[in-house]
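Below is protein_31.cif, which holds mmCIF, C-alpha atoms.
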data_upload
loop_
_atom_site.label_atom_id
_atom_site.label_comp_id
_atom_site.auth_asym_id
_atom_site.auth_seq_id
_atom_site.Cartn_x
_atom_site.Cartn_y
_atom_site.Cartn_z
CA MET A 1 -1.91 -18.02 13.59
CA VAL A 2 -3.42 -14.90 15.10
CA SER A 3 -4.86 -11.77 13.55
CA PRO A 4 -2.68 -8.67 13.18
CA ALA A 5 -2.58 -6.66 16.41
CA GLU A 6 -5.47 -4.24 16.67
CA ALA A 7 -5.23 -0.47 16.98
CA ILE A 8 -5.97 0.98 20.40
CA ASP A 9 -8.70 3.62 20.44
CA GLU A 10 -7.18 6.81 21.82
CA ASP A 11 -10.63 8.31 22.52
CA PRO A 12 -12.72 6.51 25.18
CA ALA A 13 -15.91 8.35 24.20
CA PRO A 14 -18.60 6.09 22.68
CA GLY A 15 -19.24 6.55 18.98
CA ALA A 16 -15.74 7.86 18.28
CA PHE A 17 -12.46 6.22 17.30
CA LEU A 18 -9.15 8.11 17.42
CA LEU A 19 -5.84 6.80 16.15
CA THR A 20 -2.34 8.07 15.43
CA LEU A 21 -0.94 6.12 12.47
CA THR A 22 2.81 6.49 11.93
CA ALA A 23 4.45 5.47 8.65
CA ALA A 24 8.15 4.78 9.22
CA PRO A 25 11.06 2.65 7.95
CA ALA A 26 11.08 -0.94 9.19
CA GLU A 27 12.71 -4.30 8.60
CA HIS A 28 10.70 -7.33 7.52
CA VAL A 29 11.87 -10.79 8.56
CA LEU A 30 10.86 -13.43 6.02
CA PRO A 31 10.42 -17.13 6.79
CA GLY A 32 13.93 -18.51 6.89
CA GLY A 33 15.35 -15.39 8.49
CA ASP A 34 16.08 -13.11 5.52
CA ILE A 35 15.74 -9.43 6.49
CA VAL A 36 14.24 -7.02 3.96
CA PRO A 37 14.20 -3.23 4.43
CA GLY A 38 10.83 -1.59 3.98
CA TYR A 39 8.13 0.43 5.73
CA ALA A 40 5.45 -0.24 8.36
CA TYR A 41 2.53 1.43 10.09
CA ASN A 42 3.06 1.72 13.85
CA GLY A 43 5.96 -0.71 13.61
CA GLN A 44 3.99 -3.65 12.23
CA THR A 45 3.15 -5.20 8.85
CA PRO A 46 0.28 -5.77 8.33
CA GLY A 47 -0.48 -2.50 10.07
CA PRO A 48 -2.77 -2.35 13.09
CA THR A 49 -6.29 -3.59 12.40
CA ILE A 50 -8.71 -0.71 12.92
CA ARG A 51 -12.00 -2.04 14.32
CA VAL A 52 -14.91 0.37 14.62
CA SER A 53 -18.71 0.15 14.81
CA LEU A 54 -21.20 1.20 12.19
CA GLY A 55 -21.89 4.91 12.60
CA ASP A 56 -18.67 5.70 14.48
CA THR A 57 -16.78 8.90 13.75
CA VAL A 58 -13.23 7.86 12.85
CA THR A 59 -10.35 10.31 13.23
CA VAL A 60 -6.87 9.28 12.10
CA THR A 61 -3.71 11.38 12.24
CA LEU A 62 -1.12 10.17 9.73
CA VAL A 63 2.43 10.93 10.88
CA ASN A 64 5.03 10.66 8.12
CA GLN A 65 8.47 9.49 9.24
CA LEU A 66 9.43 8.33 5.75
CA ASP A 67 11.92 10.06 3.48
CA GLN A 68 9.17 10.74 0.91
CA ALA A 69 5.63 12.08 0.86
CA THR A 70 2.77 9.69 1.57
CA THR A 71 -0.99 9.51 2.15
CA VAL A 72 -3.49 6.97 3.46
CA HIS A 73 -6.41 5.77 1.32
CA TRP A 74 -9.43 3.97 2.81
CA HIS A 75 -10.00 1.28 0.20
CA GLY A 76 -13.69 0.47 -0.26
CA LEU A 77 -15.05 3.10 2.13
CA VAL A 78 -17.15 6.06 1.05
CA VAL A 79 -15.52 8.99 2.85
CA PRO A 80 -15.37 12.75 2.20
CA TRP A 81 -13.15 13.38 -0.80
CA GLU A 82 -10.66 15.39 1.26
CA SER A 83 -10.11 12.31 3.47
CA ASP A 84 -9.71 9.79 0.63
CA GLY A 85 -5.92 9.97 0.39
CA ALA A 86 -5.63 10.39 -3.38
CA THR A 87 -3.50 13.27 -4.62
CA TRP A 88 -5.50 14.67 -7.56
CA MET A 89 -5.61 18.40 -6.67
CA LEU A 90 -4.45 17.52 -3.13
CA GLY A 91 -0.85 17.14 -1.99
CA GLY A 92 0.63 14.34 0.07
CA VAL A 93 1.93 14.50 3.61
CA ALA A 94 5.56 15.61 3.43
CA PRO A 95 8.34 13.88 5.43
CA GLY A 96 8.23 15.00 9.05
CA GLU A 97 4.67 16.32 8.78
CA SER A 98 1.24 14.98 9.74
CA ARG A 99 -2.36 15.25 8.58
CA THR A 100 -5.64 14.44 10.32
CA VAL A 101 -8.68 13.06 8.48
CA THR A 102 -12.16 12.35 9.79
CA PHE A 103 -14.98 10.26 8.36
CA THR A 104 -18.06 8.33 9.44
CA ALA A 105 -18.15 4.55 9.12
CA THR A 106 -21.34 4.23 7.08
CA LYS A 107 -20.97 0.67 5.72
CA ALA A 108 -20.32 -2.55 7.63
CA GLY A 109 -17.69 -4.83 6.15
CA THR A 110 -14.01 -5.62 5.71
CA PHE A 111 -11.96 -2.83 4.16
CA TRP A 112 -8.28 -1.92 4.09
CA TYR A 113 -5.97 1.08 4.05
CA HIS A 114 -2.78 1.87 2.16
CA PRO A 115 -0.91 4.84 0.63
CA HIS A 116 -2.01 6.39 -2.64
CA MET A 117 1.23 8.14 -3.53
CA ASN A 118 4.15 6.28 -5.10
CA THR A 119 1.61 3.55 -4.46
CA ASP A 120 3.30 0.47 -5.89
CA ARG A 121 6.54 1.08 -3.98
CA GLN A 122 5.01 2.09 -0.67
CA VAL A 123 2.48 -0.75 -0.53
CA ASP A 124 5.17 -3.18 -1.65
CA ALA A 125 7.37 -1.93 1.17
CA GLY A 126 4.76 -2.96 3.77
CA LEU A 127 2.32 -0.07 4.20
CA TYR A 128 -1.08 -1.71 4.46
CA GLY A 129 -3.61 -2.71 7.12
CA VAL A 130 -7.22 -3.80 7.58
CA LEU A 131 -10.20 -1.71 8.69
CA ILE A 132 -13.28 -3.54 9.99
CA VAL A 133 -16.64 -1.84 10.39
CA GLU A 134 -18.84 -3.99 12.64
CA ASP A 135 -22.62 -3.95 12.64
CA PRO A 136 -23.75 -4.52 16.26
CA ALA A 137 -26.84 -6.29 14.92
CA GLU A 138 -24.77 -9.10 13.37
CA PRO A 139 -24.40 -12.34 15.36
CA LYS A 140 -21.17 -12.86 17.26
CA VAL A 141 -18.96 -15.70 16.03
CA GLU A 142 -16.80 -17.57 18.58
CA ASN A 143 -13.64 -17.25 16.48
CA GLU A 144 -12.54 -14.60 14.01
CA ARG A 145 -9.32 -14.21 12.05
CA VAL A 146 -8.17 -11.28 9.95
CA ILE A 147 -6.17 -12.88 7.13
CA VAL A 148 -3.91 -10.63 5.06
CA LEU A 149 -2.46 -12.26 1.95
CA ASP A 150 0.68 -10.89 0.32
CA ASP A 151 3.22 -12.49 -2.01
CA TRP A 152 6.99 -12.20 -1.83
CA ILE A 153 9.75 -13.12 -4.24
CA LEU A 154 12.30 -15.26 -2.46
CA PRO A 155 15.61 -13.41 -1.93
CA GLU A 156 18.65 -14.50 -3.89
CA PRO A 157 22.30 -13.69 -3.13
CA ASP A 158 22.55 -11.41 -6.17
CA ASN A 159 19.19 -9.70 -5.59
CA GLY A 160 20.19 -6.07 -5.19
CA ALA A 161 16.92 -5.28 -3.48
CA LEU A 162 18.18 -6.93 -0.29
CA ASP A 163 20.92 -4.31 -0.01
CA SER A 164 18.78 -1.37 -1.09
CA GLN A 165 17.37 1.40 1.04
CA PRO A 166 13.62 1.41 1.74
CA PRO A 167 11.96 1.64 -1.68
CA ASP A 168 11.50 4.97 -3.38
CA SER A 169 10.95 5.89 -6.99
CA ALA A 170 14.61 5.34 -7.85
CA SER A 171 15.35 2.14 -5.95
CA PRO A 172 15.22 -1.42 -7.27
CA ALA A 173 12.00 -3.36 -6.77
CA PRO A 174 11.95 -5.05 -3.37
CA PRO A 175 11.75 -8.86 -3.18
CA HIS A 176 8.00 -8.68 -3.00
CA GLY A 177 4.92 -8.44 -5.18
CA GLY A 178 5.33 -11.39 -7.53
CA ASP A 179 2.70 -13.98 -8.36
CA GLY A 180 3.24 -16.41 -5.50
CA GLY A 181 5.21 -18.68 -7.80
CA HIS A 182 2.07 -19.31 -9.89
CA GLY A 183 2.06 -16.40 -12.27
CA GLU A 184 3.82 -15.47 -15.45
CA SER A 185 6.62 -13.46 -13.84
CA GLY A 186 8.97 -16.44 -13.67
CA ALA A 187 10.06 -15.43 -10.17
CA GLU A 188 10.22 -18.00 -7.40
CA GLY A 189 7.80 -16.69 -4.82
CA LEU A 190 5.50 -17.54 -1.96
CA TRP A 191 2.32 -16.25 -0.41
CA LEU A 192 2.49 -15.22 3.23
CA VAL A 193 -0.50 -15.08 5.56
CA ASN A 194 -0.09 -12.30 8.13
CA GLY A 195 3.63 -12.59 7.40
CA LEU A 196 3.69 -16.36 8.01
CA LEU A 197 4.19 -19.27 5.64
CA ALA A 198 1.27 -21.77 5.57
CA PRO A 199 0.20 -21.11 9.19
CA THR A 200 -2.40 -23.04 11.18
CA VAL A 201 -5.48 -21.60 12.85
CA GLU A 202 -6.13 -23.43 16.12
CA MET A 203 -9.58 -23.41 17.71
CA LEU A 204 -12.00 -25.62 19.61
CA SER A 205 -14.20 -28.04 17.74
CA GLY A 206 -17.91 -27.40 17.95
CA GLN A 207 -17.41 -23.70 17.19
CA SER A 208 -17.61 -21.39 14.17
CA LEU A 209 -14.85 -19.38 12.53
CA ARG A 210 -15.28 -16.13 10.58
CA ALA A 211 -12.35 -15.34 8.30
CA ARG A 212 -11.92 -11.84 6.88
CA ILE A 213 -9.50 -12.28 3.96
CA VAL A 214 -7.78 -9.40 2.14
CA ASN A 215 -5.44 -9.62 -0.88
CA VAL A 216 -3.00 -6.71 -0.53
CA SER A 217 -0.57 -7.86 -3.23
CA ASN A 218 0.57 -5.37 -5.85
CA ARG A 219 -0.28 -7.73 -8.70
CA GLY A 220 -0.67 -11.27 -7.39
CA TYR A 221 -3.97 -13.08 -7.86
CA VAL A 222 -5.06 -15.71 -5.32
CA LEU A 223 -7.32 -18.56 -6.44
CA LEU A 224 -8.56 -20.15 -3.22
CA GLY A 225 -9.48 -23.82 -3.26
CA GLY A 226 -10.27 -26.57 -0.80
CA ALA A 227 -12.89 -26.53 1.95
CA LEU A 228 -14.05 -22.90 1.68
CA GLY A 229 -17.17 -23.22 3.82
CA ALA A 230 -19.78 -20.52 3.19
CA GLN A 231 -18.96 -17.18 1.61
CA ILE A 232 -20.96 -14.60 3.54
CA ALA A 233 -19.45 -11.31 2.33
CA SER A 234 -17.26 -9.66 -0.29
CA ASP A 235 -15.90 -6.15 -0.91
CA GLN A 236 -18.98 -4.24 0.24
CA GLY A 237 -20.13 -6.36 3.15
CA LEU A 238 -22.71 -9.12 3.37
CA LEU A 239 -23.72 -10.82 0.14
CA ASP A 240 -27.36 -10.66 -0.78
CA THR A 241 -27.41 -14.44 -0.42
CA PRO A 242 -24.61 -16.64 1.02
CA GLN A 243 -22.66 -18.78 -1.45
CA THR A 244 -20.80 -22.12 -1.24
CA PRO A 245 -18.08 -21.75 -3.88
CA GLU A 246 -15.66 -24.48 -4.89
CA THR A 247 -13.01 -21.85 -5.70
CA LEU A 248 -12.72 -18.11 -5.08
CA LEU A 249 -10.57 -15.68 -7.04
CA LEU A 250 -9.16 -12.69 -5.16
CA ALA A 251 -7.66 -10.06 -7.44
CA PRO A 252 -5.39 -7.40 -5.91
CA GLY A 253 -7.52 -5.27 -3.57
CA ASP A 254 -10.31 -7.86 -3.18
CA ARG A 255 -11.81 -8.97 0.13
CA VAL A 256 -13.95 -11.97 1.04
CA GLU A 257 -15.45 -13.30 4.26
CA LEU A 258 -15.79 -17.05 4.83
CA LEU A 259 -17.67 -18.86 7.60
CA TRP A 260 -16.85 -22.35 8.83
CA SER A 261 -18.74 -24.33 11.50
CA LEU A 262 -16.37 -27.06 12.58
CA GLY A 263 -16.49 -30.47 14.14
CA GLY A 264 -13.30 -32.36 14.89
CA ASP A 265 -11.92 -32.51 11.34
CA GLY A 266 -9.41 -29.95 10.15
CA PHE A 267 -8.77 -28.83 6.58
CA THR A 268 -6.44 -26.85 4.35
CA VAL A 269 -7.16 -23.84 2.14
CA TRP A 270 -5.11 -24.03 -1.06
CA ASP A 271 -3.54 -21.45 -3.34
CA LEU A 272 -4.34 -22.80 -6.80
CA PRO A 273 -2.24 -21.89 -9.87
CA TYR A 274 -3.51 -18.73 -11.58
CA SER A 275 -2.14 -16.07 -13.88
CA HIS A 276 -3.66 -12.73 -14.82
CA ALA A 277 -2.45 -13.41 -18.36
CA GLY A 278 -5.19 -15.90 -19.11
CA GLY A 279 -6.19 -17.66 -15.90
CA ALA A 280 -4.26 -20.89 -16.45
CA GLY A 281 -1.44 -20.88 -13.90
CA VAL A 282 1.81 -22.81 -13.70
CA GLY A 283 2.76 -25.24 -10.95
CA GLU A 284 1.02 -27.27 -8.27
CA PRO A 285 -1.47 -26.15 -5.61
CA GLU A 286 0.24 -24.87 -2.48
CA ALA A 287 -1.05 -24.88 1.08
CA LEU A 288 -2.08 -21.36 2.08
CA LEU A 289 -3.33 -22.01 5.60
CA SER A 290 -4.82 -24.81 7.67
CA VAL A 291 -7.53 -24.95 10.31
CA ALA A 292 -7.03 -27.46 13.13
CA PRO A 293 -9.92 -27.88 15.61
CA GLU A 294 -9.11 -29.33 19.03
CA GLY A 295 -11.51 -31.97 20.33
CA ASP A 296 -14.26 -34.00 18.72
CA ALA A 297 -17.38 -31.90 19.37
CA ALA A 298 -19.96 -31.93 16.60
CA ALA A 299 -20.15 -29.01 14.19
CA PRO A 300 -22.62 -26.41 15.50
CA THR A 301 -25.47 -24.80 13.62
CA PRO A 302 -23.86 -21.83 11.88
CA PRO A 303 -24.91 -18.32 12.95
CA THR A 304 -27.52 -16.66 10.78
CA PHE A 305 -26.71 -13.34 9.14
CA ALA A 306 -29.33 -10.92 7.84
CA HIS A 307 -28.43 -11.13 4.16
CA PRO A 308 -30.39 -8.48 2.21
CA GLY A 309 -31.72 -10.87 -0.43
CA GLU A 310 -32.40 -8.12 -2.95
CA ALA A 311 -32.99 -8.81 -6.63
CA VAL A 312 -30.51 -7.90 -9.36
CA SER A 313 -31.31 -4.41 -10.68
CA ALA A 314 -32.61 -4.11 -14.19
CA ASP A 315 -30.26 -2.47 -16.66
CA PRO A 316 -31.71 0.99 -17.38
CA GLY A 317 -30.36 0.81 -20.93
CA PHE A 318 -28.29 4.00 -20.98
CA THR A 319 -24.52 4.45 -20.57
CA THR A 320 -23.19 7.48 -18.71
CA LEU A 321 -19.46 6.78 -19.06
CA THR A 322 -17.29 4.22 -20.83
CA TYR A 323 -13.85 3.21 -19.56
CA THR A 324 -11.68 1.24 -21.99
CA PHE A 325 -8.60 -0.50 -20.58
CA ALA A 326 -5.74 -1.14 -23.00
CA GLY A 327 -1.96 -1.33 -23.26
CA ASP A 328 0.92 -3.60 -22.39
CA ASP A 329 3.97 -3.61 -20.12
CA GLY A 330 5.26 -0.08 -19.62
CA ALA A 331 2.31 1.71 -21.22
CA TRP A 332 -1.18 1.35 -19.75
CA PHE A 333 -4.20 3.41 -20.77
CA ILE A 334 -7.81 4.19 -19.88
CA ASN A 335 -9.68 5.64 -22.87
CA GLY A 336 -6.35 6.06 -24.64
CA GLU A 337 -5.03 8.38 -21.91
CA GLN A 338 -2.38 8.03 -19.22
CA TYR A 339 -2.67 9.61 -15.80
CA PRO A 340 -2.29 12.50 -15.03
CA GLU A 341 -3.04 13.72 -18.57
CA VAL A 342 -6.66 12.58 -18.46
CA THR A 343 -10.11 13.84 -19.34
CA VAL A 344 -12.14 14.20 -16.12
CA GLY A 345 -15.64 12.76 -16.42
CA GLN A 346 -18.44 14.45 -14.49
CA VAL A 347 -21.60 13.07 -12.88
CA ILE A 348 -24.18 14.54 -10.49
CA ALA A 349 -24.58 13.44 -6.87
CA GLY A 350 -27.81 11.56 -6.25
CA GLN A 351 -28.42 10.65 -9.88
CA PRO A 352 -27.97 7.07 -11.18
CA VAL A 353 -24.87 6.42 -13.28
CA VAL A 354 -24.15 3.49 -15.57
CA ILE A 355 -20.49 2.80 -16.36
CA GLU A 356 -19.46 0.41 -19.11
CA ALA A 357 -15.96 -0.98 -18.55
CA ARG A 358 -14.17 -2.76 -21.41
CA ASN A 359 -10.86 -4.59 -21.24
CA LEU A 360 -9.16 -4.59 -24.64
CA SER A 361 -5.77 -5.75 -23.37
CA ALA A 362 -4.36 -9.29 -23.19
CA VAL A 363 -4.17 -9.36 -19.37
CA GLU A 364 -6.64 -8.93 -16.53
CA HIS A 365 -7.30 -5.67 -14.68
CA PRO A 366 -9.04 -5.27 -11.30
CA LEU A 367 -11.13 -2.11 -11.78
CA HIS A 368 -11.31 -0.08 -8.54
CA LEU A 369 -13.41 3.03 -7.92
CA HIS A 370 -12.71 5.35 -5.01
CA GLY A 371 -15.72 6.53 -3.01
CA LEU A 372 -18.16 4.76 -5.34
CA ALA A 373 -19.51 1.29 -4.65
CA PHE A 374 -21.26 -0.21 -7.67
CA GLU A 375 -23.65 -3.01 -8.58
CA LEU A 376 -22.73 -5.37 -11.42
CA LEU A 377 -25.55 -5.24 -13.97
CA SER A 378 -23.98 -7.65 -16.45
CA LEU A 379 -20.72 -9.22 -17.54
CA ASN A 380 -20.36 -9.85 -21.26
CA GLY A 381 -24.10 -9.36 -21.63
CA VAL A 382 -25.08 -11.82 -18.90
CA ALA A 383 -26.69 -10.60 -15.67
CA PRO A 384 -25.42 -12.15 -12.41
CA THR A 385 -27.62 -14.74 -10.71
CA ALA A 386 -27.41 -12.81 -7.41
CA ARG A 387 -27.08 -9.10 -6.72
CA THR A 388 -23.36 -8.24 -6.63
CA VAL A 389 -22.11 -4.98 -5.07
CA GLU A 390 -18.36 -4.31 -5.19
CA ASP A 391 -15.70 -1.63 -5.26
CA THR A 392 -13.09 -3.79 -7.05
CA LEU A 393 -14.10 -5.91 -10.06
CA ASN A 394 -11.70 -8.10 -12.00
CA LEU A 395 -11.94 -7.66 -15.77
CA ARG A 396 -10.56 -10.61 -17.72
CA ALA A 397 -9.18 -10.09 -21.20
CA ARG A 398 -11.94 -8.85 -23.54
CA ASP A 399 -14.50 -8.56 -20.73
CA ARG A 400 -17.27 -5.98 -20.93
CA ALA A 401 -19.01 -5.07 -17.65
CA ARG A 402 -21.92 -2.73 -16.97
CA LEU A 403 -21.99 -1.13 -13.53
CA LEU A 404 -24.73 0.82 -11.74
CA LEU A 405 -24.02 3.35 -9.00
CA THR A 406 -25.47 6.45 -7.38
CA PRO A 407 -22.71 8.80 -6.17
CA THR A 408 -23.22 10.59 -2.87
CA GLU A 409 -19.97 12.40 -2.03
CA PRO A 410 -18.88 15.37 -4.19
CA GLY A 411 -15.23 15.43 -5.18
CA PHE A 412 -12.66 14.06 -7.60
CA TRP A 413 -12.57 10.26 -7.38
CA MET A 414 -9.90 8.00 -8.80
CA VAL A 415 -10.78 5.18 -11.21
CA HIS A 416 -7.92 2.77 -11.83
CA CYS A 417 -6.55 -0.72 -12.22
CA HIS A 418 -5.53 -2.15 -8.84
CA ILE A 419 -2.52 -3.94 -10.25
CA LEU A 420 -0.42 -1.16 -8.79
CA GLU A 421 2.30 -1.25 -11.44
CA HIS A 422 -0.45 -0.70 -14.04
CA GLU A 423 -1.86 2.20 -12.03
CA GLU A 424 1.56 3.83 -11.70
CA GLY A 425 2.12 3.12 -15.40
CA GLY A 426 -0.81 5.37 -16.31
CA MET A 427 -3.93 3.18 -16.00
CA MET A 428 -5.85 5.66 -13.84
CA THR A 429 -8.35 8.44 -14.50
CA VAL A 430 -10.61 10.79 -12.52
CA LEU A 431 -14.38 11.02 -12.09
CA GLU A 432 -15.79 14.22 -10.65
CA VAL A 433 -19.01 14.15 -8.65
CA VAL A 434 -20.74 17.54 -8.44
CA GLU A 435 -23.68 18.74 -6.38
CA ALA A 436 -27.05 18.78 -8.09
CA PRO A 437 -27.85 22.27 -9.51
#
Would you write the structure of this file as structure tokens?
Amino acid sequence: MVSPAEAIDEDPAPGAFLLTLTAAPAEHVLPGGDIVPGYAYNGQTPGPTIRVSLGDTVTVTLVNQLDQATTVHWHGLVVPWESDGATWMLGGVAPGESRTVTFTATKAGTFWYHPHMNTDRQVDAGLYGVLIVEDPAEPKVENERVIVLDDWILPEPDNGALDSQPPDSASPAPPHGGDGGHGESGAEGLWLVNGLLAPTVEMLSGQSLRARIVNVSNRGYVLLGGALGAQIASDQGLLDTPQTPETLLLAPGDRVELLWSLGGDGFTVWDLPYSHAGGAGVGEPEALLSVAPEGDAAAPTPPTFAHPGEAVSADPGFTTLTYTFAGDDGAWFINGEQYPEVTVGQVIAGQPVVIEARNLSAVEHPLHLHGLAFELLSLNGVAPTARTVEDTLNLRARDRARLLLTPTEPGFWMVHCHILEHEEGGMMTVLEVVEAP
């Protein structure tokens, strides 16, 4: 297994990255040979991995060759509002047109990009890719893999989606976006890794491997199990202290970075049963990917990363905004409202904000904020044992989370559930950041 092909920088100047990103119809070939119509960026799904350095100026021209409007959203990055790709007060890129956005890569980590217009259909059709911001001060690891996880429902002879046109708002759901066979949908499905079924990473023994893992599924949760090594990073880059988890849950939109230092023994990472309707999944663990070292060299000393090691912030005791998630299939709400008929909250750039998020529904919701990374102050009244900074936080049924953030970029920022069918079903609102008076 290799990483998705990387984007070629069209600007040779140092400190700048230039890319033309074309969204166009494509065909996806599933394991077993079934062909599914969909979309792709620059002819590949996952789209080209964009790799830049901390501080680079990134310029991307989105060319739309679809039959519907689209955008590109930089999930997890703080960018100027006009470059964010959401459509509140901004239109999409019409078929046959293009739009250029520019931003500075101000945070090292593993991020991803996808449309934010007709989002569930366009992401489901194959429009997604990874963006890596590298910090030159970090140690180099001998092996790295970008691992994009997405789940597909196995095609059946009477599945009309196989004969449909590339998905739009009127077409049937494509054979994609289930729960990997482990959720409550009842569909027979499977998780693919970079488009492959249970692939193997081959490398030399006596070396280290850095895995940048992204869950791009519309609604599928991945509970990783097995030999997970050390977790060194999550949504917003390096953890404050590295962790050695026995399992790791990736909700839709989540990212995680794992580090293995390997001798001659290989291992398998498992997809454990999980459902966002209560956590207890159905079925048996399934192999997600394997790592197979060649040779019998001893495991090396792992590279040392400069983890910040900061303490958990104290809860200031006030609440600026409350977001209440509620609803059921077909009708999803934040604060009793459905997008776009929402009340726009307002906060001031540079001033601390505390958000209280409450999940009153019977299923889980990954809360995602655009342009606003946040620190978890507490979950159900309990502070985390280590400082946790995220942009996507899974809320289990009846969870109550308190989040601390300081906005920097003025604009209208989306707040929504990253189960994309929930978002498109109304579970999205808007937070305005204004300049200080």
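Distances to Gly330 in chain A were evaluated for A:Ser261, A:Ala314, A:Glu424, A:Ala401 using all atoms listed in the file, and the minimum falls at A:Glu424.
Of the residues under consideration (A:Leu21, A:Ala436, A:Ala292, A:Leu250), A:Leu250 shows the shortest atom-to-atom contact distance to Tyr274 in chain A when counting only C-alpha atoms.
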Taking the file as shown, find all residues satisfying the PyMOL selection byres ((chain A and resi 350-353) around 10) and write them as a PyMOL selection string.
-> chain A and resi 316+318-321+347-349+354-356+374+403-410+433-436
Once the PyMOL selection byres ((chain A and resi 368) around 6) has been evaluated on this model, what residues remain selected, and can you format them as a PDB file with C-alpha atoms, in the frame of the given file?
ATOM      1  CA  LEU A 367     -11.130  -2.110 -11.780  1.00  0.00           C
ATOM      2  CA  LEU A 369     -13.410   3.030  -7.920  1.00  0.00           C
ATOM      3  CA  ASP A 391     -15.700  -1.630  -5.260  1.00  0.00           C
ATOM      4  CA  THR A 392     -13.090  -3.790  -7.050  1.00  0.00           C
ATOM      5  CA  VAL A 415     -10.780   5.180 -11.210  1.00  0.00           C
ATOM      6  CA  HIS A 416      -7.920   2.770 -11.830  1.00  0.00           C
TER       7      HIS A 416
END
Result set of the PyMOL selection byres ((chain A and resi 68-71) around 10) on the coordinates above, as a ChimeraX atom specification | /A:23,62-67,72-73,83-87,91-99,113-119,122,167-169
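CA of Ile50 in chain A sits 9.6 Å away from CA of Phe111 in chain A.
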In the coordinate frame of the file, compute which residues have an atom within 6 Å of (-24.9, -3.9, -14.3) when using all atoms listed in the file, and state them as a ChimeraX atom specification.
-> /A:375-378,402-404
May I have the selected residues written with C-alpha atoms, as a short mmCIF file (atom, residue, chain, number, x, y, z; two decimals), in the coordinates of the input?
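Now in out_7.cif:
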data_model
loop_
_atom_site.label_atom_id
_atom_site.label_comp_id
_atom_site.auth_asym_id
_atom_site.auth_seq_id
_atom_site.Cartn_x
_atom_site.Cartn_y
_atom_site.Cartn_z
CA GLU A 375 -23.65 -3.01 -8.58
CA LEU A 376 -22.73 -5.37 -11.42
CA LEU A 377 -25.55 -5.24 -13.97
CA SER A 378 -23.98 -7.65 -16.45
CA ARG A 402 -21.92 -2.73 -16.97
CA LEU A 403 -21.99 -1.13 -13.53
CA LEU A 404 -24.73 0.82 -11.74
#
Could you name the residues that touch range 295-304 of chain A at 12 Å or less, counting all atoms listed in the file, but leaving out those on the same chain fewer than 6 positions away, as a PyMOL selection string?
-> chain A and resi 137-143+202-210+229-230+232+238+241-242+258-266
Could you save those same residues with C-alpha atoms as a PDB file, in the frame of the given file?
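Once written, part-v4.pdb looks like this:
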ATOM      1  CA  ALA A 137     -26.840  -6.290  14.920  1.00  0.00           C
ATOM      2  CA  GLU A 138     -24.770  -9.100  13.370  1.00  0.00           C
ATOM      3  CA  PRO A 139     -24.400 -12.340  15.360  1.00  0.00           C
ATOM      4  CA  LYS A 140     -21.170 -12.860  17.260  1.00  0.00           C
ATOM      5  CA  VAL A 141     -18.960 -15.700  16.030  1.00  0.00           C
ATOM      6  CA  GLU A 142     -16.800 -17.570  18.580  1.00  0.00           C
ATOM      7  CA  ASN A 143     -13.640 -17.250  16.480  1.00  0.00           C
ATOM      8  CA  GLU A 202      -6.130 -23.430  16.120  1.00  0.00           C
ATOM      9  CA  MET A 203      -9.580 -23.410  17.710  1.00  0.00           C
ATOM     10  CA  LEU A 204     -12.000 -25.620  19.610  1.00  0.00           C
ATOM     11  CA  SER A 205     -14.200 -28.040  17.740  1.00  0.00           C
ATOM     12  CA  GLY A 206     -17.910 -27.400  17.950  1.00  0.00           C
ATOM     13  CA  GLN A 207     -17.410 -23.700  17.190  1.00  0.00           C
ATOM     14  CA  SER A 208     -17.610 -21.390  14.170  1.00  0.00           C
ATOM     15  CA  LEU A 209     -14.850 -19.380  12.530  1.00  0.00           C
ATOM     16  CA  ARG A 210     -15.280 -16.130  10.580  1.00  0.00           C
ATOM     17  CA  GLY A 229     -17.170 -23.220   3.820  1.00  0.00           C
ATOM     18  CA  ALA A 230     -19.780 -20.520   3.190  1.00  0.00           C
ATOM     19  CA  ILE A 232     -20.960 -14.600   3.540  1.00  0.00           C
ATOM     20  CA  LEU A 238     -22.710  -9.120   3.370  1.00  0.00           C
ATOM     21  CA  THR A 241     -27.410 -14.440  -0.420  1.00  0.00           C
ATOM     22  CA  PRO A 242     -24.610 -16.640   1.020  1.00  0.00           C
ATOM     23  CA  LEU A 258     -15.790 -17.050   4.830  1.00  0.00           C
ATOM     24  CA  LEU A 259     -17.670 -18.860   7.600  1.00  0.00           C
ATOM     25  CA  TRP A 260     -16.850 -22.350   8.830  1.00  0.00           C
ATOM     26  CA  SER A 261     -18.740 -24.330  11.500  1.00  0.00           C
ATOM     27  CA  LEU A 262     -16.370 -27.060  12.580  1.00  0.00           C
ATOM     28  CA  GLY A 263     -16.490 -30.470  14.140  1.00  0.00           C
ATOM     29  CA  GLY A 264     -13.300 -32.360  14.890  1.00  0.00           C
ATOM     30  CA  ASP A 265     -11.920 -32.510  11.340  1.00  0.00           C
ATOM     31  CA  GLY A 266      -9.410 -29.950  10.150  1.00  0.00           C
TER      32      GLY A 266
END
Would you tabulate, counting all atoms listed in the file, all residues of range 34-116 of chain A that have an atom at most 8 Å from an atom of range 6-19 of chain A, showing the closest pair of atoms and their distance in Å to one decimal, sorted by chain then ascending number, as a tab-separated table?
residue	atom	partner	partner_atom	distance
A:Pro48	CA	A:Glu6	CA	4.9
A:Thr49	CA	A:Glu6	CA	4.4
A:Ile50	CA	A:Ala7	CA	5.4
A:Arg51	CA	A:Glu6	CA	7.3
A:Val52	CA	A:Phe17	CA	6.9
A:Ser53	CA	A:Gly15	CA	7.7
A:Gly55	CA	A:Gly15	CA	7.1
A:Asp56	CA	A:Gly15	CA	4.6
A:Thr57	CA	A:Ala16	CA	4.8
A:Val58	CA	A:Phe17	CA	4.8
A:Thr59	CA	A:Leu18	CA	4.9
A:Val60	CA	A:Leu19	CA	4.9
A:Thr61	CA	A:Leu19	CA	6.4
